[in-house]
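Peer 1: Shown below is the structure under consideration.
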Amino acid sequence: MKQRDQKIVRAILEALDLADGLLIETILHAEVNLRVTPNTLLSEFEKGVNFCESKRWITGVRPDVGSTKWMITDYGRANKAEMQ
């Protein structure tokens, strides 16, 4: 995984760990952009989210209408701690 991809993944995990509950996708993307310079492209952000979800570090709640809401899992917290 490229260094930038690692930064994006770490930022996703950090933002979700600091959130108390679920974050909608647009807010999560904004939180990641606060942590990653230059700002992430939507494709980079989605790649990071998909990677984290495939590893079961995060989980999404997909309502019938509206944005996906994301939360970090215990496994994601453990991996975030290992990344530091």
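Every chain in the structure tokens has a letter given in the order shown (A, B, ...), and although residue numbers restart at 1 in each chain, ligands are simply numbered from 1 in the order shown.
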Kindly assemble as JSON lines a list of the segment 44-84 of chain A residues that lie within 10 Å of segment 6-19 of chain A, each paired with its nearest atom pair and their distance in Å to one decimal, using only C-alpha atoms, sorted first by chain and then by ascending residue number.
Peer 2:
{"residue": "A:Glu44", "atom": "CA", "partner": "A:Ile8", "partner_atom": "CA", "distance": 7.8}
{"residue": "A:Phe45", "atom": "CA", "partner": "A:Ile8", "partner_atom": "CA", "distance": 7.0}
{"residue": "A:Glu46", "atom": "CA", "partner": "A:Ile8", "partner_atom": "CA", "distance": 9.9}
{"residue": "A:Lys47", "atom": "CA", "partner": "A:Val9", "partner_atom": "CA", "distance": 9.0}
{"residue": "A:Gly48", "atom": "CA", "partner": "A:Val9", "partner_atom": "CA", "distance": 5.3}
{"residue": "A:Val49", "atom": "CA", "partner": "A:Val9", "partner_atom": "CA", "distance": 7.3}
{"residue": "A:Asn50", "atom": "CA", "partner": "A:Val9", "partner_atom": "CA", "distance": 9.7}
{"residue": "A:Phe51", "atom": "CA", "partner": "A:Val9", "partner_atom": "CA", "distance": 7.9}
{"residue": "A:Cys52", "atom": "CA", "partner": "A:Val9", "partner_atom": "CA", "distance": 6.9}
{"residue": "A:Trp57", "atom": "CA", "partner": "A:Leu13", "partner_atom": "CA", "distance": 7.8}
{"residue": "A:Ile58", "atom": "CA", "partner": "A:Leu13", "partner_atom": "CA", "distance": 7.8}
{"residue": "A:Trp70", "atom": "CA", "partner": "A:Leu16", "partner_atom": "CA", "distance": 7.4}
{"residue": "A:Met71", "atom": "CA", "partner": "A:Leu16", "partner_atom": "CA", "distance": 5.8}
{"residue": "A:Ile72", "atom": "CA", "partner": "A:Leu16", "partner_atom": "CA", "distance": 5.5}
{"residue": "A:Thr73", "atom": "CA", "partner": "A:Asp17", "partner_atom": "CA", "distance": 8.7}
{"residue": "A:Asp74", "atom": "CA", "partner": "A:Asp17", "partner_atom": "CA", "distance": 9.6}
{"residue": "A:Gly76", "atom": "CA", "partner": "A:Leu13", "partner_atom": "CA", "distance": 6.8}
{"residue": "A:Arg77", "atom": "CA", "partner": "A:Asp17", "partner_atom": "CA", "distance": 7.0}
{"residue": "A:Asn79", "atom": "CA", "partner": "A:Leu13", "partner_atom": "CA", "distance": 8.7}
{"residue": "A:Lys80", "atom": "CA", "partner": "A:Leu13", "partner_atom": "CA", "distance": 6.3}
{"residue": "A:Ala81", "atom": "CA", "partner": "A:Glu14", "partner_atom": "CA", "distance": 9.6}
{"residue": "A:Met83", "atom": "CA", "partner": "A:Arg10", "partner_atom": "CA", "distance": 7.4}
{"residue": "A:Gln84", "atom": "CA", "partner": "A:Arg10", "partner_atom": "CA", "distance": 8.8}
Peer 1: Name the closest residue to Pro38 of chain A among the candidates A:Asp64, A:Arg4, A:Glu53, A:Tyr75; distances are taken between atoms, counting only C-alpha atoms.
Peer 2: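 With only C-alpha atoms as the atom set, the closest residue is A:Arg4.
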Peer 1: Ranking A:Glu82, A:Thr59, A:Met1, A:Val65 by minimum distance to Leu23 of chain A and counting only C-alpha atoms, which one comes first?
Peer 2: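 For Leu23 of chain A, the nearest of the given residues is A:Thr59.
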Peer 1: Chain A: which residues are strand (DSSP E) by DSSP, as a list of chain:residue names?
Peer 2: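 Here is the list: A:Leu23, A:Ile24, A:Ile58, A:Thr59, A:Gly60, A:Val61, A:Lys69, A:Trp70, A:Met71, A:Ile72.
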Peer 1: From the list A:Asn39, A:Thr26, A:Ser54, A:Asn33, which residue is nearest Lys69 of chain A when using only C-alpha atoms?
Peer 2: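 The closest residue to Lys69 of chain A is A:Thr26.
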Peer 1: Suppose you want the space between atom CA of Gly60 of chain A and atom CA of Asp20 of chain A; what is it in Å?
Peer 2: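 These two atoms are separated by 14.8 Å.
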Peer 1: In Å to one decimal, how far is atom CA of Val36 of chain A from atom CA of Ser67 of chain A?
Peer 2: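 Distance between the two atoms: 22.2 Å.
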Peer 1: From the list A:Thr68, A:Lys55, A:Ser43, A:Pro63, which residue is nearest Leu28 of chain A when using only C-alpha atoms?
Peer 2: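 Checking each candidate against Leu28 of chain A, we get A:Thr68 as the closest.
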Peer 1: Enumerate, as a PDB file with N, CA and C atoms, in the first residue's frame, the complete set of residues in segment 10-46 of chain A that a backbone-based DSSP assignment places in helix (DSSP H, G or I).
Peer 2:
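Written output follows (selection_29.pdb):
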ATOM      1  N   ARG A  10      -5.414   5.656   7.797  1.00  0.00           N
ATOM      2  CA  ARG A  10      -5.203   6.067   9.188  1.00  0.00           C
ATOM      3  C   ARG A  10      -6.148   7.213   9.552  1.00  0.00           C
ATOM      4  N   ALA A  11      -6.323   8.172   8.649  1.00  0.00           N
ATOM      5  CA  ALA A  11      -7.217   9.302   8.899  1.00  0.00           C
ATOM      6  C   ALA A  11      -8.670   8.853   9.043  1.00  0.00           C
ATOM      7  N   ILE A  12      -9.086   7.897   8.253  1.00  0.00           N
ATOM      8  CA  ILE A  12     -10.446   7.348   8.362  1.00  0.00           C
ATOM      9  C   ILE A  12     -10.641   6.728   9.739  1.00  0.00           C
ATOM     10  N   LEU A  13      -9.692   5.907  10.146  1.00  0.00           N
ATOM     11  CA  LEU A  13      -9.797   5.238  11.445  1.00  0.00           C
ATOM     12  C   LEU A  13      -9.759   6.248  12.588  1.00  0.00           C
ATOM     13  N   GLU A  14      -8.895   7.238  12.497  1.00  0.00           N
ATOM     14  CA  GLU A  14      -8.805   8.264  13.542  1.00  0.00           C
ATOM     15  C   GLU A  14     -10.102   9.046  13.662  1.00  0.00           C
ATOM     16  N   ALA A  15     -10.635   9.470  12.531  1.00  0.00           N
ATOM     17  CA  ALA A  15     -11.869  10.270  12.543  1.00  0.00           C
ATOM     18  C   ALA A  15     -13.027   9.478  13.138  1.00  0.00           C
ATOM     19  N   LEU A  16     -13.131   8.221  12.763  1.00  0.00           N
ATOM     20  CA  LEU A  16     -14.229   7.404  13.282  1.00  0.00           C
ATOM     21  C   LEU A  16     -14.024   7.057  14.749  1.00  0.00           C
ATOM     22  N   ASP A  17     -12.776   6.891  15.162  1.00  0.00           N
ATOM     23  CA  ASP A  17     -12.506   6.583  16.558  1.00  0.00           C
ATOM     24  C   ASP A  17     -12.847   7.775  17.451  1.00  0.00           C
ATOM     25  N   LEU A  18     -12.597   8.984  16.962  1.00  0.00           N
ATOM     26  CA  LEU A  18     -12.900  10.185  17.741  1.00  0.00           C
ATOM     27  C   LEU A  18     -14.393  10.514  17.758  1.00  0.00           C
ATOM     28  N   GLU A  25     -21.120   9.792   5.478  1.00  0.00           N
ATOM     29  CA  GLU A  25     -19.979   9.730   4.560  1.00  0.00           C
ATOM     30  C   GLU A  25     -19.400  11.102   4.226  1.00  0.00           C
ATOM     31  N   THR A  26     -20.241  12.101   4.013  1.00  0.00           N
ATOM     32  CA  THR A  26     -19.726  13.429   3.654  1.00  0.00           C
ATOM     33  C   THR A  26     -18.935  14.051   4.801  1.00  0.00           C
ATOM     34  N   ILE A  27     -19.399  13.857   6.025  1.00  0.00           N
ATOM     35  CA  ILE A  27     -18.683  14.382   7.192  1.00  0.00           C
ATOM     36  C   ILE A  27     -17.371  13.621   7.380  1.00  0.00           C
ATOM     37  N   LEU A  28     -17.405  12.314   7.179  1.00  0.00           N
ATOM     38  CA  LEU A  28     -16.181  11.516   7.286  1.00  0.00           C
ATOM     39  C   LEU A  28     -15.147  11.985   6.265  1.00  0.00           C
ATOM     40  N   HIS A  29     -15.574  12.241   5.052  1.00  0.00           N
ATOM     41  CA  HIS A  29     -14.652  12.719   4.016  1.00  0.00           C
ATOM     42  C   HIS A  29     -14.055  14.065   4.430  1.00  0.00           C
ATOM     43  N   ALA A  30     -14.867  14.947   4.969  1.00  0.00           N
ATOM     44  CA  ALA A  30     -14.372  16.254   5.431  1.00  0.00           C
ATOM     45  C   ALA A  30     -13.364  16.081   6.569  1.00  0.00           C
ATOM     46  N   GLU A  31     -13.639  15.159   7.483  1.00  0.00           N
ATOM     47  CA  GLU A  31     -12.718  14.889   8.594  1.00  0.00           C
ATOM     48  C   GLU A  31     -11.385  14.338   8.084  1.00  0.00           C
ATOM     49  N   VAL A  32     -11.441  13.487   7.085  1.00  0.00           N
ATOM     50  CA  VAL A  32     -10.218  12.949   6.491  1.00  0.00           C
ATOM     51  C   VAL A  32      -9.420  14.072   5.849  1.00  0.00           C
ATOM     52  N   ASN A  33     -10.102  14.988   5.178  1.00  0.00           N
ATOM     53  CA  ASN A  33      -9.415  16.108   4.526  1.00  0.00           C
ATOM     54  C   ASN A  33      -8.727  17.034   5.526  1.00  0.00           C
ATOM     55  N   LEU A  34      -9.211  17.074   6.756  1.00  0.00           N
ATOM     56  CA  LEU A  34      -8.542  17.858   7.799  1.00  0.00           C
ATOM     57  C   LEU A  34      -7.211  17.220   8.208  1.00  0.00           C
ATOM     58  N   ARG A  35      -7.079  15.920   7.965  1.00  0.00           N
ATOM     59  CA  ARG A  35      -5.903  15.170   8.407  1.00  0.00           C
ATOM     60  C   ARG A  35      -4.913  14.849   7.286  1.00  0.00           C
ATOM     61  N   LEU A  42     -12.241  12.214  -4.189  1.00  0.00           N
ATOM     62  CA  LEU A  42     -13.329  11.318  -3.812  1.00  0.00           C
ATOM     63  C   LEU A  42     -12.942   9.869  -4.090  1.00  0.00           C
ATOM     64  N   SER A  43     -12.255   9.622  -5.201  1.00  0.00           N
ATOM     65  CA  SER A  43     -11.847   8.250  -5.542  1.00  0.00           C
ATOM     66  C   SER A  43     -10.851   7.693  -4.524  1.00  0.00           C
ATOM     67  N   GLU A  44      -9.938   8.531  -4.031  1.00  0.00           N
ATOM     68  CA  GLU A  44      -8.981   8.091  -3.011  1.00  0.00           C
ATOM     69  C   GLU A  44      -9.703   7.774  -1.696  1.00  0.00           C
ATOM     70  N   PHE A  45     -10.631   8.648  -1.333  1.00  0.00           N
ATOM     71  CA  PHE A  45     -11.404   8.451  -0.110  1.00  0.00           C
ATOM     72  C   PHE A  45     -12.201   7.150  -0.193  1.00  0.00           C
ATOM     73  N   GLU A  46     -12.899   6.944  -1.302  1.00  0.00           N
ATOM     74  CA  GLU A  46     -13.703   5.727  -1.465  1.00  0.00           C
ATOM     75  C   GLU A  46     -12.832   4.479  -1.447  1.00  0.00           C
TER      76      GLU A  46
END
